[in-house]
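Student: Below you'll find data.cif; it's mmCIF, C-alpha atoms, pLDDT in the B column; chains and numbers go by the auth columns.
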```cif
data_data
loop_
_atom_site.group_PDB
_atom_site.id
_atom_site.type_symbol
_atom_site.label_atom_id
_atom_site.label_comp_id
_atom_site.label_asym_id
_atom_site.label_seq_id
_atom_site.Cartn_x
_atom_site.Cartn_y
_atom_site.Cartn_z
_atom_site.B_iso_or_equiv
_atom_site.auth_seq_id
_atom_site.auth_asym_id
ATOM 1 C CA MET A 1 6.893 1.794 -25.409 42.00 1 A
ATOM 2 C CA SER A 2 8.056 -1.809 -25.220 45.00 2 A
ATOM 3 C CA ASN A 3 6.736 -4.622 -27.415 46.00 3 A
ATOM 4 C CA LEU A 4 4.817 -5.959 -24.421 47.00 4 A
ATOM 5 C CA ALA A 5 3.092 -2.624 -23.821 46.00 5 A
ATOM 6 C CA ARG A 6 2.189 -2.424 -27.520 50.00 6 A
ATOM 7 C CA ASP A 7 0.651 -5.885 -27.255 52.00 7 A
ATOM 8 C CA PHE A 8 -1.526 -4.663 -24.375 48.00 8 A
ATOM 9 C CA ALA A 9 -2.613 -1.619 -26.342 49.00 9 A
ATOM 10 C CA ALA A 10 -3.771 -3.913 -29.160 53.00 10 A
ATOM 11 C CA ALA A 11 -5.686 -6.306 -26.873 47.00 11 A
ATOM 12 C CA PRO A 12 -9.415 -6.682 -27.574 50.00 12 A
ATOM 13 C CA GLU A 13 -11.888 -5.197 -25.089 47.00 13 A
ATOM 14 C CA ASP A 14 -12.897 -8.516 -23.522 54.00 14 A
ATOM 15 C CA ASP A 15 -9.315 -9.112 -22.409 79.00 15 A
ATOM 16 C CA SER A 16 -9.270 -6.660 -19.499 87.00 16 A
ATOM 17 C CA VAL A 17 -8.696 -9.509 -17.041 89.00 17 A
ATOM 18 C CA LYS A 18 -5.776 -10.802 -19.105 91.00 18 A
ATOM 19 C CA VAL A 19 -4.235 -7.344 -19.253 92.00 19 A
ATOM 20 C CA PHE A 20 -4.759 -6.904 -15.498 92.00 20 A
ATOM 21 C CA LYS A 21 -3.090 -10.243 -14.734 93.00 21 A
ATOM 22 C CA ALA A 22 -0.169 -9.347 -16.985 93.00 22 A
ATOM 23 C CA GLY A 23 0.160 -6.081 -15.052 94.00 23 A
ATOM 24 C CA LEU A 24 0.314 -8.056 -11.795 95.00 24 A
ATOM 25 C CA VAL A 25 3.099 -10.230 -13.214 95.00 25 A
ATOM 26 C CA MET A 26 5.028 -7.136 -14.246 95.00 26 A
ATOM 27 C CA LEU A 27 4.527 -5.575 -10.836 95.00 27 A
ATOM 28 C CA ARG A 28 5.770 -8.716 -9.072 94.00 28 A
ATOM 29 C CA ASN A 29 8.813 -8.737 -11.369 95.00 29 A
ATOM 30 C CA ASP A 30 9.591 -5.109 -10.414 93.00 30 A
ATOM 31 C CA ASN A 31 8.769 -3.856 -13.894 94.00 31 A
ATOM 32 C CA VAL A 32 6.617 -1.101 -12.434 94.00 32 A
ATOM 33 C CA GLN A 33 6.572 1.249 -15.429 94.00 33 A
ATOM 34 C CA GLU A 34 5.216 -1.486 -17.690 95.00 34 A
ATOM 35 C CA ALA A 35 2.727 -2.475 -14.979 94.00 35 A
ATOM 36 C CA VAL A 36 1.372 1.093 -14.922 94.00 36 A
ATOM 37 C CA LEU A 37 0.823 0.916 -18.687 94.00 37 A
ATOM 38 C CA ALA A 38 -0.931 -2.445 -18.387 94.00 38 A
ATOM 39 C CA PHE A 39 -3.183 -1.276 -15.541 95.00 39 A
ATOM 40 C CA GLU A 40 -4.018 1.944 -17.401 94.00 40 A
ATOM 41 C CA HIS A 41 -5.020 -0.112 -20.426 93.00 41 A
ATOM 42 C CA ALA A 42 -7.054 -2.528 -18.292 93.00 42 A
ATOM 43 C CA LEU A 43 -8.802 0.461 -16.733 93.00 43 A
ATOM 44 C CA GLN A 44 -9.724 1.742 -20.192 93.00 44 A
ATOM 45 C CA LEU A 45 -11.276 -1.647 -20.938 91.00 45 A
ATOM 46 C CA SER A 46 -13.082 -1.891 -17.594 90.00 46 A
ATOM 47 C CA PRO A 47 -13.308 1.608 -16.042 90.00 47 A
ATOM 48 C CA ASP A 48 -14.848 0.749 -12.670 89.00 48 A
ATOM 49 C CA GLU A 49 -12.947 -2.422 -11.782 94.00 49 A
ATOM 50 C CA PRO A 50 -11.799 -1.924 -8.154 95.00 50 A
ATOM 51 C CA PHE A 51 -8.737 -4.187 -8.323 96.00 51 A
ATOM 52 C CA THR A 52 -7.494 -2.466 -11.458 95.00 52 A
ATOM 53 C CA LEU A 53 -7.987 0.942 -9.810 96.00 53 A
ATOM 54 C CA SER A 54 -6.176 -0.215 -6.700 97.00 54 A
ATOM 55 C CA TYR A 55 -3.183 -1.734 -8.449 97.00 55 A
ATOM 56 C CA LEU A 56 -2.895 1.188 -10.831 96.00 56 A
ATOM 57 C CA GLY A 57 -2.763 3.493 -7.813 96.00 57 A
ATOM 58 C CA LEU A 58 -0.177 1.319 -6.086 97.00 58 A
ATOM 59 C CA SER A 59 2.073 1.077 -9.125 96.00 59 A
ATOM 60 C CA MET A 60 1.809 4.818 -9.803 96.00 60 A
ATOM 61 C CA ALA A 61 2.845 5.550 -6.234 96.00 61 A
ATOM 62 C CA MET A 62 5.752 3.125 -6.522 94.00 62 A
ATOM 63 C CA ILE A 63 7.274 5.170 -9.330 92.00 63 A
ATOM 64 C CA ARG A 64 6.426 8.422 -7.512 81.00 64 A
ATOM 65 C CA ARG A 65 4.115 9.464 -10.309 76.00 65 A
ATOM 66 C CA ARG A 66 1.048 11.510 -9.426 82.00 66 A
ATOM 67 C CA VAL A 67 0.837 10.286 -5.828 90.00 67 A
ATOM 68 C CA HIS A 68 -2.371 12.206 -5.102 92.00 68 A
ATOM 69 C CA GLU A 69 -4.030 10.619 -8.114 94.00 69 A
ATOM 70 C CA ALA A 70 -2.707 7.227 -6.972 95.00 70 A
ATOM 71 C CA MET A 71 -4.346 7.750 -3.564 96.00 71 A
ATOM 72 C CA ALA A 72 -7.596 8.731 -5.259 96.00 72 A
ATOM 73 C CA PHE A 73 -7.574 5.517 -7.324 96.00 73 A
ATOM 74 C CA CYS A 74 -6.998 3.360 -4.233 96.00 74 A
ATOM 75 C CA GLU A 75 -9.616 5.220 -2.194 97.00 75 A
ATOM 76 C CA ARG A 76 -12.142 4.846 -5.004 96.00 76 A
ATOM 77 C CA ALA A 77 -11.402 1.115 -5.180 96.00 77 A
ATOM 78 C CA VAL A 78 -11.959 0.712 -1.434 97.00 78 A
ATOM 79 C CA GLN A 79 -15.223 2.651 -1.609 96.00 79 A
ATOM 80 C CA SER A 80 -16.609 0.376 -4.297 94.00 80 A
ATOM 81 C CA GLU A 81 -15.363 -2.921 -2.755 91.00 81 A
ATOM 82 C CA GLN A 82 -15.343 -2.396 0.986 92.00 82 A
ATOM 83 C CA TYR A 83 -14.832 -6.039 1.903 94.00 83 A
ATOM 84 C CA GLN A 84 -11.558 -6.787 0.119 95.00 84 A
ATOM 85 C CA PRO A 85 -8.532 -6.727 2.446 96.00 85 A
ATOM 86 C CA GLU A 86 -6.160 -6.628 -0.531 96.00 86 A
ATOM 87 C CA LEU A 87 -7.531 -3.230 -1.522 97.00 87 A
ATOM 88 C CA TYR A 88 -6.942 -1.887 1.993 97.00 88 A
ATOM 89 C CA CYS A 89 -3.404 -3.244 1.873 97.00 89 A
ATOM 90 C CA ASN A 90 -2.712 -1.385 -1.383 97.00 90 A
ATOM 91 C CA LEU A 91 -4.285 1.776 0.032 97.00 91 A
ATOM 92 C CA GLY A 92 -2.121 1.503 3.145 97.00 92 A
ATOM 93 C CA ARG A 93 1.013 1.041 1.056 97.00 93 A
ATOM 94 C CA VAL A 94 0.179 4.133 -1.001 97.00 94 A
ATOM 95 C CA TYR A 95 -0.419 6.145 2.175 96.00 95 A
ATOM 96 C CA LEU A 96 2.965 4.978 3.469 94.00 96 A
ATOM 97 C CA MET A 97 4.678 6.045 0.255 94.00 97 A
ATOM 98 C CA SER A 98 3.055 9.464 0.554 93.00 98 A
ATOM 99 C CA GLY A 99 4.307 9.791 4.141 90.00 99 A
ATOM 100 C CA ASN A 100 0.947 9.453 5.898 92.00 100 A
ATOM 101 C CA ARG A 101 1.707 6.736 8.459 90.00 101 A
ATOM 102 C CA GLN A 102 -1.471 7.311 10.465 90.00 102 A
ATOM 103 C CA LYS A 103 -3.807 6.714 7.515 95.00 103 A
ATOM 104 C CA ALA A 104 -1.649 3.782 6.410 95.00 104 A
ATOM 105 C CA ARG A 105 -2.011 2.158 9.805 93.00 105 A
ATOM 106 C CA GLN A 106 -5.795 2.727 9.712 95.00 106 A
ATOM 107 C CA ALA A 107 -6.061 1.124 6.273 97.00 107 A
ATOM 108 C CA PHE A 108 -3.961 -1.871 7.342 95.00 108 A
ATOM 109 C CA HIS A 109 -6.051 -2.372 10.478 94.00 109 A
ATOM 110 C CA ARG A 110 -9.276 -2.180 8.452 96.00 110 A
ATOM 111 C CA GLY A 111 -7.869 -4.863 6.153 96.00 111 A
ATOM 112 C CA LEU A 112 -6.998 -7.027 9.165 94.00 112 A
ATOM 113 C CA GLU A 113 -10.531 -6.661 10.478 95.00 113 A
ATOM 114 C CA LEU A 114 -11.692 -8.295 7.244 95.00 114 A
ATOM 115 C CA ASP A 115 -8.952 -10.951 7.175 95.00 115 A
ATOM 116 C CA PRO A 116 -7.028 -11.301 10.450 93.00 116 A
ATOM 117 C CA ARG A 117 -4.624 -13.806 8.874 94.00 117 A
ATOM 118 C CA ASN A 118 -3.598 -11.661 5.913 95.00 118 A
ATOM 119 C CA ASP A 119 0.166 -12.153 5.809 95.00 119 A
ATOM 120 C CA GLU A 120 0.913 -9.179 3.588 96.00 120 A
ATOM 121 C CA ILE A 121 -0.917 -6.710 5.824 95.00 121 A
ATOM 122 C CA GLN A 122 0.719 -8.188 8.919 94.00 122 A
ATOM 123 C CA GLU A 123 4.119 -7.818 7.253 95.00 123 A
ATOM 124 C CA GLN A 124 3.418 -4.183 6.348 95.00 124 A
ATOM 125 C CA LEU A 125 2.486 -3.446 9.958 93.00 125 A
ATOM 126 C CA ARG A 126 5.623 -5.226 11.193 92.00 126 A
ATOM 127 C CA ARG A 127 7.744 -3.111 8.862 93.00 127 A
ATOM 128 C CA MET A 128 6.099 0.041 10.138 91.00 128 A
ATOM 129 C CA GLY A 129 6.894 -0.956 13.702 86.00 129 A
ATOM 130 C CA ILE A 130 5.048 0.048 16.788 70.00 130 A
ATOM 131 C CA ARG A 131 6.478 2.985 18.638 73.00 131 A
ATOM 132 C CA LYS A 132 5.754 3.292 22.277 78.00 132 A
ATOM 133 C CA PRO A 133 5.182 6.724 23.739 85.00 133 A
ATOM 134 C CA PRO A 134 8.337 8.385 25.054 89.00 134 A
ATOM 135 C CA PRO A 135 9.112 7.608 28.718 91.00 135 A
ATOM 136 C CA LEU A 136 8.720 11.264 29.660 91.00 136 A
ATOM 137 C CA SER A 137 5.788 12.501 27.611 90.00 137 A
ATOM 138 C CA PHE A 138 6.387 16.169 28.488 93.00 138 A
ATOM 139 C CA LEU A 139 9.732 16.027 26.618 91.00 139 A
ATOM 140 C CA PRO A 140 10.117 15.563 22.854 91.00 140 A
ATOM 141 C CA ARG A 141 10.774 12.006 21.674 85.00 141 A
ATOM 142 C CA ASP A 142 14.263 12.875 20.422 87.00 142 A
ATOM 143 C CA ASN A 143 15.310 14.572 23.671 93.00 143 A
ATOM 144 C CA GLN A 144 18.498 12.903 24.921 95.00 144 A
ATOM 145 C CA ILE A 145 16.927 12.086 28.299 94.00 145 A
ATOM 146 C CA ASN A 146 14.037 10.256 26.600 89.00 146 A
ATOM 147 C CA VAL A 147 16.406 8.402 24.272 92.00 147 A
ATOM 148 C CA VAL A 148 18.677 7.158 27.063 94.00 148 A
ATOM 149 C CA LEU A 149 15.808 6.389 29.426 92.00 149 A
ATOM 150 C CA GLY A 150 13.920 4.497 26.707 90.00 150 A
ATOM 151 C CA LYS A 151 16.975 2.375 25.825 90.00 151 A
ATOM 152 C CA THR A 152 17.651 1.659 29.496 93.00 152 A
ATOM 153 C CA LEU A 153 14.054 0.630 30.186 89.00 153 A
ATOM 154 C CA ARG A 154 14.059 -1.605 27.117 85.00 154 A
ATOM 155 C CA ARG A 155 17.313 -3.308 28.189 89.00 155 A
ATOM 156 C CA LEU A 156 15.866 -3.914 31.647 89.00 156 A
ATOM 157 C CA ARG A 157 12.732 -5.306 29.956 84.00 157 A
ATOM 158 C CA LEU A 158 10.574 -2.830 31.821 85.00 158 A
ATOM 159 C CA ARG A 159 9.182 -1.473 28.610 78.00 159 A
#
```
Could you spell out this file's structure in structure tokens?

Tutor:
Amino acid sequence: MSNLARDFAAAPEDDSVKVFKAGLVMLRNDNVQEAVLAFEHALQLSPDEPFTLSYLGLSMAMIRRRVHEAMAFCERAVQSEQYQPELYCNLGRVYLMSGNRQKARQAFHRGLELDPRNDEIQEQLRRMGIRKPPPLSFLPRDNQINVVLGKTLRRLRLR
């Protein structure tokens, strides 16, 4: 445990917001392991805080630690604060990390319903990309005919 993590463990109970904010700083600085420790400590100080639950879930998923538990934290956060687009963004990111693109897309779209100008959610959706259905739906997407036909239609700007 680093000195910083020990400092968080010694923080008084009324400092849950401070510990949470420190966890955010660590997360933004790609110090994800320390962020997990900070968010866990903040959650001990304030057990039902939705943002702490959400960011703990996100950071746990980022280090591939207990992904199902990470999803549960994010889902619980969204259930308790249904009108916070940031929580839906975190939930979507966790779903993406777990490989569930459909649920991720649903979470991102729910977040956009709440805040249509949310840059982070829009960026996540851009990264995911939008796949059009294959030109010949009766053939698999990776069938050579579909691949060539799709590229040709795209070059001709017909698709």

Student: Name the residues that the PyMOL selection byres ((chain A and resi 70) around 10) pulls out of this structure, and write them as a list in words.

Tutor: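 Those residues are Leu53, Ser54, Tyr55, Leu56, Gly57, Leu58, Ser59, Met60, Ala61, Met62, Arg64, Arg65, Arg66, Val67, His68, Glu69, Met71, Ala72, Phe73, Cys74, Glu75, Arg76, Leu91, Val94, Tyr95 and Ser98 of chain A.
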
Student: Which residues match the PyMOL selection byres ((chain A and resi 39) around 12) in the file above, as JSON, numbers by chain?

Tutor: {"A": [5, 8, 9, 16, 17, 18, 19, 20, 21, 22, 23, 24, 25, 26, 27, 32, 33, 34, 35, 36, 37, 38, 40, 41, 42, 43, 44, 45, 46, 47, 49, 50, 51, 52, 53, 54, 55, 56, 57, 58, 59, 60, 73]}

Student: So that I can see what lies close to region 110-113 of chain A, please list as a PyMOL selection string the residues with an atom at most 8 Å from it, counting all atoms listed in the file and leaving out residues fewer than 5 positions away in the same chain.

Tutor: chain A and resi 84-89+118+121-122

Student: Grab the CA of Val147 (chain A) to CA of Arg131 (chain A) distance for me, in Å with one decimal place.

Tutor: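 One can read the CA of Val147 (chain A) to CA of Arg131 (chain A) distance as 12.6 Å.
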
Student: Taking all atoms listed in the file into account, which of A:Ser80, A:Asp48, A:Gln106, A:Asn146 comes nearest Lys132 (chain A)?

Tutor: A:Asn146

Student: Quick check, in Å to one decimal: how far apart do CA of Gln79 (chain A) and CA of Asn29 (chain A) lie?

Tutor: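 Atom-to-atom, CA of Gln79 (chain A) to CA of Asn29 (chain A), that is 28.3 Å.
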
Student: Which value, in Å to one decimal, gives the distance between CA of Arg101 (chain A) and CA of Glu120 (chain A)?

Tutor: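 Separation of CA of Arg101 (chain A) and CA of Glu120 (chain A): 16.7 Å.
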
Student: Using only C-alpha atoms, find the one residue out of A:Arg141, A:Arg157, A:Leu114, A:Arg127 that sits nearest to Tyr83 (chain A).

Tutor: A:Leu114

Student: A:His109, A:Arg159, A:Lys103, A:Arg93: which is nearest Pro133 (chain A), counting all atoms listed in the file?

Tutor: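 For Pro133 (chain A), the nearest of the given residues is A:Arg159.
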
Student: Write out all heavy atoms for region 109-120 of chain A, as a PDB file, in the frame of the given file.

Tutor:
```pdb
ATOM      1  N   HIS A 109      -5.213  -1.792   9.432  1.00 94.00           N
ATOM      2  CA  HIS A 109      -6.051  -2.372  10.478  1.00 94.00           C
ATOM      3  C   HIS A 109      -7.453  -2.702   9.950  1.00 94.00           C
ATOM      4  O   HIS A 109      -8.045  -3.713  10.340  1.00 94.00           O
ATOM      5  CB  HIS A 109      -6.123  -1.459  11.706  1.00 94.00           C
ATOM      6  CG  HIS A 109      -4.893  -1.535  12.541  1.00 94.00           C
ATOM      7  ND1 HIS A 109      -4.528  -2.663  13.245  1.00 94.00           N
ATOM      8  CD2 HIS A 109      -3.907  -0.632  12.777  1.00 94.00           C
ATOM      9  CE1 HIS A 109      -3.391  -2.452  13.875  1.00 94.00           C
ATOM     10  NE2 HIS A 109      -2.988  -1.233  13.606  1.00 94.00           N
ATOM     11  N   ARG A 110      -7.970  -1.879   9.060  1.00 96.00           N
ATOM     12  CA  ARG A 110      -9.276  -2.180   8.452  1.00 96.00           C
ATOM     13  C   ARG A 110      -9.178  -3.470   7.634  1.00 96.00           C
ATOM     14  O   ARG A 110     -10.068  -4.308   7.661  1.00 96.00           O
ATOM     15  CB  ARG A 110      -9.739  -1.002   7.582  1.00 96.00           C
ATOM     16  CG  ARG A 110     -11.033  -1.256   6.859  1.00 96.00           C
ATOM     17  CD  ARG A 110     -12.217  -1.422   7.814  1.00 96.00           C
ATOM     18  NE  ARG A 110     -13.417  -1.670   7.042  1.00 96.00           N
ATOM     19  CZ  ARG A 110     -14.215  -2.715   7.220  1.00 96.00           C
ATOM     20  NH1 ARG A 110     -13.967  -3.580   8.173  1.00 96.00           N
ATOM     21  NH2 ARG A 110     -15.269  -2.889   6.470  1.00 96.00           N
ATOM     22  N   GLY A 111      -8.077  -3.632   6.908  1.00 96.00           N
ATOM     23  CA  GLY A 111      -7.869  -4.863   6.153  1.00 96.00           C
ATOM     24  C   GLY A 111      -7.766  -6.080   7.061  1.00 96.00           C
ATOM     25  O   GLY A 111      -8.300  -7.144   6.753  1.00 96.00           O
ATOM     26  N   LEU A 112      -7.105  -5.913   8.211  1.00 94.00           N
ATOM     27  CA  LEU A 112      -6.998  -7.027   9.165  1.00 94.00           C
ATOM     28  C   LEU A 112      -8.331  -7.364   9.813  1.00 94.00           C
ATOM     29  O   LEU A 112      -8.563  -8.511  10.187  1.00 94.00           O
ATOM     30  CB  LEU A 112      -5.962  -6.711  10.248  1.00 94.00           C
ATOM     31  CG  LEU A 112      -4.509  -6.931   9.866  1.00 94.00           C
ATOM     32  CD1 LEU A 112      -3.594  -6.616  11.041  1.00 94.00           C
ATOM     33  CD2 LEU A 112      -4.257  -8.346   9.376  1.00 94.00           C
ATOM     34  N   GLU A 113      -9.194  -6.371   9.958  1.00 95.00           N
ATOM     35  CA  GLU A 113     -10.531  -6.661  10.478  1.00 95.00           C
ATOM     36  C   GLU A 113     -11.267  -7.622   9.538  1.00 95.00           C
ATOM     37  O   GLU A 113     -12.020  -8.483   9.983  1.00 95.00           O
ATOM     38  CB  GLU A 113     -11.349  -5.375  10.618  1.00 95.00           C
ATOM     39  CG  GLU A 113     -10.943  -4.495  11.769  1.00 95.00           C
ATOM     40  CD  GLU A 113     -11.679  -3.164  11.769  1.00 95.00           C
ATOM     41  OE1 GLU A 113     -12.697  -3.030  11.044  1.00 95.00           O
ATOM     42  OE2 GLU A 113     -11.239  -2.261  12.484  1.00 95.00           O
ATOM     43  N   LEU A 114     -11.032  -7.454   8.236  1.00 95.00           N
ATOM     44  CA  LEU A 114     -11.692  -8.295   7.244  1.00 95.00           C
ATOM     45  C   LEU A 114     -11.036  -9.672   7.125  1.00 95.00           C
ATOM     46  O   LEU A 114     -11.696 -10.660   6.858  1.00 95.00           O
ATOM     47  CB  LEU A 114     -11.694  -7.602   5.883  1.00 95.00           C
ATOM     48  CG  LEU A 114     -12.441  -6.269   5.832  1.00 95.00           C
ATOM     49  CD1 LEU A 114     -12.178  -5.563   4.519  1.00 95.00           C
ATOM     50  CD2 LEU A 114     -13.932  -6.508   6.029  1.00 95.00           C
ATOM     51  N   ASP A 115      -9.705  -9.700   7.281  1.00 95.00           N
ATOM     52  CA  ASP A 115      -8.952 -10.951   7.175  1.00 95.00           C
ATOM     53  C   ASP A 115      -7.801 -10.918   8.175  1.00 95.00           C
ATOM     54  O   ASP A 115      -6.697 -10.480   7.842  1.00 95.00           O
ATOM     55  CB  ASP A 115      -8.421 -11.126   5.753  1.00 95.00           C
ATOM     56  CG  ASP A 115      -7.628 -12.409   5.577  1.00 95.00           C
ATOM     57  OD1 ASP A 115      -7.628 -13.263   6.491  1.00 95.00           O
ATOM     58  OD2 ASP A 115      -6.999 -12.572   4.509  1.00 95.00           O
ATOM     59  N   PRO A 116      -8.048 -11.371   9.406  1.00 93.00           N
ATOM     60  CA  PRO A 116      -7.028 -11.301  10.450  1.00 93.00           C
ATOM     61  C   PRO A 116      -5.748 -12.078  10.139  1.00 93.00           C
ATOM     62  O   PRO A 116      -4.713 -11.818  10.728  1.00 93.00           O
ATOM     63  CB  PRO A 116      -7.721 -11.903  11.681  1.00 93.00           C
ATOM     64  CG  PRO A 116      -9.173 -11.853  11.392  1.00 93.00           C
ATOM     65  CD  PRO A 116      -9.313 -11.903   9.904  1.00 93.00           C
ATOM     66  N   ARG A 117      -5.810 -13.007   9.206  1.00 94.00           N
ATOM     67  CA  ARG A 117      -4.624 -13.806   8.874  1.00 94.00           C
ATOM     68  C   ARG A 117      -3.913 -13.329   7.610  1.00 94.00           C
ATOM     69  O   ARG A 117      -3.078 -14.049   7.066  1.00 94.00           O
ATOM     70  CB  ARG A 117      -5.018 -15.258   8.703  1.00 94.00           C
ATOM     71  CG  ARG A 117      -5.464 -15.873  10.004  1.00 94.00           C
ATOM     72  CD  ARG A 117      -5.664 -17.345   9.847  1.00 94.00           C
ATOM     73  NE  ARG A 117      -6.978 -17.674  10.378  1.00 94.00           N
ATOM     74  CZ  ARG A 117      -7.663 -18.740  10.086  1.00 94.00           C
ATOM     75  NH1 ARG A 117      -7.190 -19.605   9.248  1.00 94.00           N
ATOM     76  NH2 ARG A 117      -8.835 -18.948  10.627  1.00 94.00           N
ATOM     77  N   ASN A 118      -4.215 -12.160   7.143  1.00 95.00           N
ATOM     78  CA  ASN A 118      -3.598 -11.661   5.913  1.00 95.00           C
ATOM     79  C   ASN A 118      -2.115 -11.392   6.159  1.00 95.00           C
ATOM     80  O   ASN A 118      -1.741 -10.450   6.858  1.00 95.00           O
ATOM     81  CB  ASN A 118      -4.317 -10.386   5.453  1.00 95.00           C
ATOM     82  CG  ASN A 118      -3.868  -9.938   4.090  1.00 95.00           C
ATOM     83  OD1 ASN A 118      -2.688  -9.685   3.865  1.00 95.00           O
ATOM     84  ND2 ASN A 118      -4.804  -9.825   3.171  1.00 95.00           N
ATOM     85  N   ASP A 119      -1.281 -12.231   5.581  1.00 95.00           N
ATOM     86  CA  ASP A 119       0.166 -12.153   5.809  1.00 95.00           C
ATOM     87  C   ASP A 119       0.774 -10.855   5.309  1.00 95.00           C
ATOM     88  O   ASP A 119       1.658 -10.289   5.954  1.00 95.00           O
ATOM     89  CB  ASP A 119       0.879 -13.325   5.137  1.00 95.00           C
ATOM     90  CG  ASP A 119       0.534 -14.655   5.791  1.00 95.00           C
ATOM     91  OD1 ASP A 119       0.170 -14.649   6.984  1.00 95.00           O
ATOM     92  OD2 ASP A 119       0.628 -15.691   5.105  1.00 95.00           O
ATOM     93  N   GLU A 120       0.320 -10.392   4.160  1.00 96.00           N
ATOM     94  CA  GLU A 120       0.913  -9.179   3.588  1.00 96.00           C
ATOM     95  C   GLU A 120       0.633  -7.958   4.460  1.00 96.00           C
ATOM     96  O   GLU A 120       1.514  -7.136   4.703  1.00 96.00           O
ATOM     97  CB  GLU A 120       0.412  -8.941   2.167  1.00 96.00           C
ATOM     98  CG  GLU A 120       1.157  -7.812   1.489  1.00 96.00           C
ATOM     99  CD  GLU A 120       0.876  -7.719   0.006  1.00 96.00           C
ATOM    100  OE1 GLU A 120       0.301  -8.662  -0.560  1.00 96.00           O
ATOM    101  OE2 GLU A 120       1.256  -6.689  -0.574  1.00 96.00           O
TER     102      GLU A 120
END
```
